[in-house]
Amino acid sequence: MTTAQPALDDLLREADPGLRDTELPPDGRYQREATTIRRVDAAVVETLRGGFDGRPAADFPLLVVGWGRCRVGSTAITNLFGIAGVPSYYQPVKTVARHVLTGGAGSPWHLPDGESVLFAKEMAGPYVAYECLFNPVRSLIEAGWPADRLRLLVLDREPEACLDSWMAKWEGRIGRRRVVENFVRSTANYGAMRRFAAEEGVSVTHFPYEAAKQPEVTVRLMFERLGVGDRYRSEILDDWGAAGDLNSEHALVRYPVEPDAYVVPGLHGNELAYRYKPRAISRLTEEERAVAAAPAVRERYLESVAHCCAELGIAEPLRTKLFG
């Protein structure tokens, strides 16, 4: 554990504003030099602003930002919006940050013409502290996107299954200890994201992965809550065909060019439809399972569930069927 890490995590637990100016040590691969959240944010905002300059506030489309920990079904959600006819992007803000972290600058996000709604997933984690703690909504607003044209879709997943998936994908890249550390950091960021959205007047909708157990009910309610109910039709849930290969050019996800260090072949699955897939826990030690069950982690998930049920009007017995 680095000497800077206890201070960083203490600030995170205490929601201290000094967190943004705390030095983040490099790991040499995913982050080349020491930096801070504020410095990376500033570079990201400058790059994004290059794609937004000159666009009147009234001309910005409605943007649904899907955010949460990685491995919560976010790419399938992104593809789902694409199949619904909404141009859907894979981490356009975080990809700029990844270029900055590895010594580059990234490219501006040039928006398509004539579109009234866009979707972008922007996930927390997994490699370095900045990715766990960054706030894509803040960067978008500071770059010029009007807050009233943003919707935050908070994505989540039962913590043990989520951490097990993190371990399967990234143990070989960053080691078990860093997987767990960054999982916990990403979880801690849920509260900060909710607070920031409330302060800026950004509408928030929660959609844990387990809600996909009955998508014919929950997806329609989620689209309506986001203000894009006209984009929902039952056909978008089924028969994805070639578009269900989320690693391919057939998926209706607009993938950016990422730095080489961040490219992970086969990261995403092949989905025939938008459906929940249960996960057998096979990668975690008992100690790691205890981390996923700890109150600091478990309670954040239960908050997501409670918000989702309240926002979408999910009552018993459906709540129990979805979330147990």
# chains A, B, ... in the order shown; residues from 1 in each chain; ligands from 1
$ select_by_dssp --residues "stretch 36-76 of chain A" --states "strand (DSSP E)" --output "number ranges by chain"
A: 62-67
$ write_last_selection --atoms "all heavy atoms" --output "PDB file, in the first residue's frame"
ATOM      1  N   LEU A  62     -30.323  16.133 -25.172  1.00  0.00           N
ATOM      2  CA  LEU A  62     -30.447  15.513 -23.857  1.00  0.00           C
ATOM      3  C   LEU A  62     -29.443  14.363 -23.794  1.00  0.00           C
ATOM      4  O   LEU A  62     -29.412  13.514 -24.685  1.00  0.00           O
ATOM      5  CB  LEU A  62     -31.864  14.972 -23.655  1.00  0.00           C
ATOM      6  CG  LEU A  62     -32.135  14.292 -22.313  1.00  0.00           C
ATOM      7  CD1 LEU A  62     -32.158  15.315 -21.198  1.00  0.00           C
ATOM      8  CD2 LEU A  62     -33.460  13.529 -22.357  1.00  0.00           C
ATOM      9  N   LEU A  63     -28.614  14.352 -22.772  1.00  0.00           N
ATOM     10  CA  LEU A  63     -27.602  13.300 -22.620  1.00  0.00           C
ATOM     11  C   LEU A  63     -27.883  12.495 -21.361  1.00  0.00           C
ATOM     12  O   LEU A  63     -27.900  13.037 -20.246  1.00  0.00           O
ATOM     13  CB  LEU A  63     -26.195  13.902 -22.530  1.00  0.00           C
ATOM     14  CG  LEU A  63     -25.063  12.909 -22.228  1.00  0.00           C
ATOM     15  CD1 LEU A  63     -24.930  11.863 -23.322  1.00  0.00           C
ATOM     16  CD2 LEU A  63     -23.735  13.654 -22.033  1.00  0.00           C
ATOM     17  N   VAL A  64     -28.100  11.202 -21.535  1.00  0.00           N
ATOM     18  CA  VAL A  64     -28.220  10.275 -20.411  1.00  0.00           C
ATOM     19  C   VAL A  64     -26.827   9.720 -20.132  1.00  0.00           C
ATOM     20  O   VAL A  64     -26.224   9.080 -21.000  1.00  0.00           O
ATOM     21  CB  VAL A  64     -29.202   9.139 -20.716  1.00  0.00           C
ATOM     22  CG1 VAL A  64     -29.259   8.165 -19.533  1.00  0.00           C
ATOM     23  CG2 VAL A  64     -30.587   9.678 -21.043  1.00  0.00           C
ATOM     24  N   VAL A  65     -26.308   9.999 -18.936  1.00  0.00           N
ATOM     25  CA  VAL A  65     -24.983   9.518 -18.542  1.00  0.00           C
ATOM     26  C   VAL A  65     -25.180   8.309 -17.625  1.00  0.00           C
ATOM     27  O   VAL A  65     -25.673   8.435 -16.499  1.00  0.00           O
ATOM     28  CB  VAL A  65     -24.179  10.602 -17.804  1.00  0.00           C
ATOM     29  CG1 VAL A  65     -22.808  10.057 -17.382  1.00  0.00           C
ATOM     30  CG2 VAL A  65     -24.014  11.832 -18.691  1.00  0.00           C
ATOM     31  N   GLY A  66     -24.818   7.126 -18.110  1.00  0.00           N
ATOM     32  CA  GLY A  66     -24.850   5.925 -17.293  1.00  0.00           C
ATOM     33  C   GLY A  66     -23.569   5.839 -16.483  1.00  0.00           C
ATOM     34  O   GLY A  66     -22.482   5.788 -17.063  1.00  0.00           O
ATOM     35  N   TRP A  67     -23.687   5.864 -15.161  1.00  0.00           N
ATOM     36  CA  TRP A  67     -22.500   5.841 -14.292  1.00  0.00           C
ATOM     37  C   TRP A  67     -22.707   4.837 -13.163  1.00  0.00           C
ATOM     38  O   TRP A  67     -23.823   4.652 -12.651  1.00  0.00           O
ATOM     39  CB  TRP A  67     -22.242   7.227 -13.685  1.00  0.00           C
ATOM     40  CG  TRP A  67     -21.103   7.200 -12.700  1.00  0.00           C
ATOM     41  CD1 TRP A  67     -19.781   7.427 -12.964  1.00  0.00           C
ATOM     42  CD2 TRP A  67     -21.174   6.884 -11.302  1.00  0.00           C
ATOM     43  NE1 TRP A  67     -19.025   7.258 -11.812  1.00  0.00           N
ATOM     44  CE2 TRP A  67     -19.869   6.929 -10.778  1.00  0.00           C
ATOM     45  CE3 TRP A  67     -22.225   6.549 -10.453  1.00  0.00           C
ATOM     46  CZ2 TRP A  67     -19.584   6.656  -9.448  1.00  0.00           C
ATOM     47  CZ3 TRP A  67     -21.952   6.265  -9.117  1.00  0.00           C
ATOM     48  CH2 TRP A  67     -20.637   6.335  -8.620  1.00  0.00           C
TER      49      TRP A  67
END
$ residues_around --residues "A:Ser116" --least-positions-apart "4" --cutoff "10 Å" --atoms "only C-alpha atoms" --output "PyMOL selection string"
chain A and resi 59-63+86-87+112+228
$ closest_residue --among "A:Arg151, A:Arg13, A:Arg289, A:Lys121" --to "A:Ile77" --atoms "only C-alpha atoms"
A:Lys121
$ residues_around --residues "stretch 80-84 of chain A" --least-positions-apart "5" --cutoff "7 Å" --atoms "only C-alpha atoms" --output "ChimeraX atom specification"
/A:119,231-232,236,252-253
$ closest_residue --among "A:Ala58, A:Asp16, A:Asn79, A:Asp53" --to "A:Glu249" --atoms "only C-alpha atoms"
A:Asn79
$ residues_around --residues "A:Ile174" --least-positions-apart "4" --cutoff "12 Å" --atoms "only C-alpha atoms" --output "list in words"
Asp27, Gly28, Arg29, Tyr30, Gly125, Pro126, Tyr127, Val128, Trp166, Met167, Ala168, Lys169, Trp170, Arg178, Val179, Val180, Glu181, Asn182, Ala261 and Tyr262 of chain A
$ decode --residues "stretch 62-74 of chain A" --atoms "all heavy atoms" --output "short mmCIF file (atom, residue, chain, number, x, y, z; two decimals), in the first residue's frame"
data_model
loop_
_atom_site.label_atom_id
_atom_site.label_comp_id
_atom_site.auth_asym_id
_atom_site.auth_seq_id
_atom_site.Cartn_x
_atom_site.Cartn_y
_atom_site.Cartn_z
N LEU A 62 -30.32 16.13 -25.17
CA LEU A 62 -30.45 15.51 -23.86
C LEU A 62 -29.44 14.36 -23.79
O LEU A 62 -29.41 13.51 -24.69
CB LEU A 62 -31.86 14.97 -23.66
CG LEU A 62 -32.13 14.29 -22.31
CD1 LEU A 62 -32.16 15.32 -21.20
CD2 LEU A 62 -33.46 13.53 -22.36
N LEU A 63 -28.61 14.35 -22.77
CA LEU A 63 -27.60 13.30 -22.62
C LEU A 63 -27.88 12.50 -21.36
O LEU A 63 -27.90 13.04 -20.25
CB LEU A 63 -26.19 13.90 -22.53
CG LEU A 63 -25.06 12.91 -22.23
CD1 LEU A 63 -24.93 11.86 -23.32
CD2 LEU A 63 -23.74 13.65 -22.03
N VAL A 64 -28.10 11.20 -21.53
CA VAL A 64 -28.22 10.28 -20.41
C VAL A 64 -26.83 9.72 -20.13
O VAL A 64 -26.22 9.08 -21.00
CB VAL A 64 -29.20 9.14 -20.72
CG1 VAL A 64 -29.26 8.17 -19.53
CG2 VAL A 64 -30.59 9.68 -21.04
N VAL A 65 -26.31 10.00 -18.94
CA VAL A 65 -24.98 9.52 -18.54
C VAL A 65 -25.18 8.31 -17.63
O VAL A 65 -25.67 8.44 -16.50
CB VAL A 65 -24.18 10.60 -17.80
CG1 VAL A 65 -22.81 10.06 -17.38
CG2 VAL A 65 -24.01 11.83 -18.69
N GLY A 66 -24.82 7.13 -18.11
CA GLY A 66 -24.85 5.93 -17.29
C GLY A 66 -23.57 5.84 -16.48
O GLY A 66 -22.48 5.79 -17.06
N TRP A 67 -23.69 5.86 -15.16
CA TRP A 67 -22.50 5.84 -14.29
C TRP A 67 -22.71 4.84 -13.16
O TRP A 67 -23.82 4.65 -12.65
CB TRP A 67 -22.24 7.23 -13.68
CG TRP A 67 -21.10 7.20 -12.70
CD1 TRP A 67 -19.78 7.43 -12.96
CD2 TRP A 67 -21.17 6.88 -11.30
NE1 TRP A 67 -19.02 7.26 -11.81
CE2 TRP A 67 -19.87 6.93 -10.78
CE3 TRP A 67 -22.23 6.55 -10.45
CZ2 TRP A 67 -19.58 6.66 -9.45
CZ3 TRP A 67 -21.95 6.27 -9.12
CH2 TRP A 67 -20.64 6.34 -8.62
N GLY A 68 -21.63 4.22 -12.73
CA GLY A 68 -21.60 3.31 -11.58
C GLY A 68 -20.28 2.58 -11.62
O GLY A 68 -19.41 2.87 -12.46
N ARG A 69 -20.10 1.62 -10.73
CA ARG A 69 -18.90 0.77 -10.82
C ARG A 69 -18.90 0.03 -12.15
O ARG A 69 -19.95 -0.27 -12.73
CB ARG A 69 -18.91 -0.28 -9.72
CG ARG A 69 -18.61 0.18 -8.33
CD ARG A 69 -18.55 -1.03 -7.41
NE ARG A 69 -19.76 -1.84 -7.52
CZ ARG A 69 -20.69 -1.94 -6.57
NH1 ARG A 69 -20.56 -1.28 -5.45
NH2 ARG A 69 -21.74 -2.71 -6.75
N CYS A 70 -17.71 -0.33 -12.61
CA CYS A 70 -17.60 -1.23 -13.75
C CYS A 70 -18.27 -2.57 -13.42
O CYS A 70 -18.49 -2.91 -12.26
CB CYS A 70 -16.13 -1.50 -14.08
SG CYS A 70 -15.21 -0.08 -14.64
N ARG A 71 -18.59 -3.33 -14.47
CA ARG A 71 -19.14 -4.69 -14.35
C ARG A 71 -20.52 -4.71 -13.70
O ARG A 71 -20.82 -5.53 -12.86
CB ARG A 71 -18.18 -5.62 -13.60
CG ARG A 71 -16.75 -5.62 -14.08
CD ARG A 71 -16.64 -5.90 -15.57
NE ARG A 71 -17.14 -7.22 -15.92
CZ ARG A 71 -17.32 -7.63 -17.19
NH1 ARG A 71 -17.07 -6.80 -18.20
NH2 ARG A 71 -17.76 -8.84 -17.42
N VAL A 72 -21.37 -3.77 -14.12
CA VAL A 72 -22.75 -3.71 -13.64
C VAL A 72 -23.74 -3.82 -14.80
O VAL A 72 -24.90 -3.41 -14.68
CB VAL A 72 -23.01 -2.42 -12.83
CG1 VAL A 72 -22.21 -2.41 -11.54
CG2 VAL A 72 -22.72 -1.17 -13.66
N GLY A 73 -23.29 -4.38 -15.93
CA GLY A 73 -24.16 -4.50 -17.09
C GLY A 73 -24.25 -3.24 -17.92
O GLY A 73 -25.19 -3.08 -18.71
N SER A 74 -23.26 -2.36 -17.80
CA SER A 74 -23.35 -1.05 -18.44
C SER A 74 -23.21 -1.11 -19.96
O SER A 74 -23.85 -0.31 -20.67
CB SER A 74 -22.30 -0.11 -17.86
OG SER A 74 -20.99 -0.62 -18.05
#
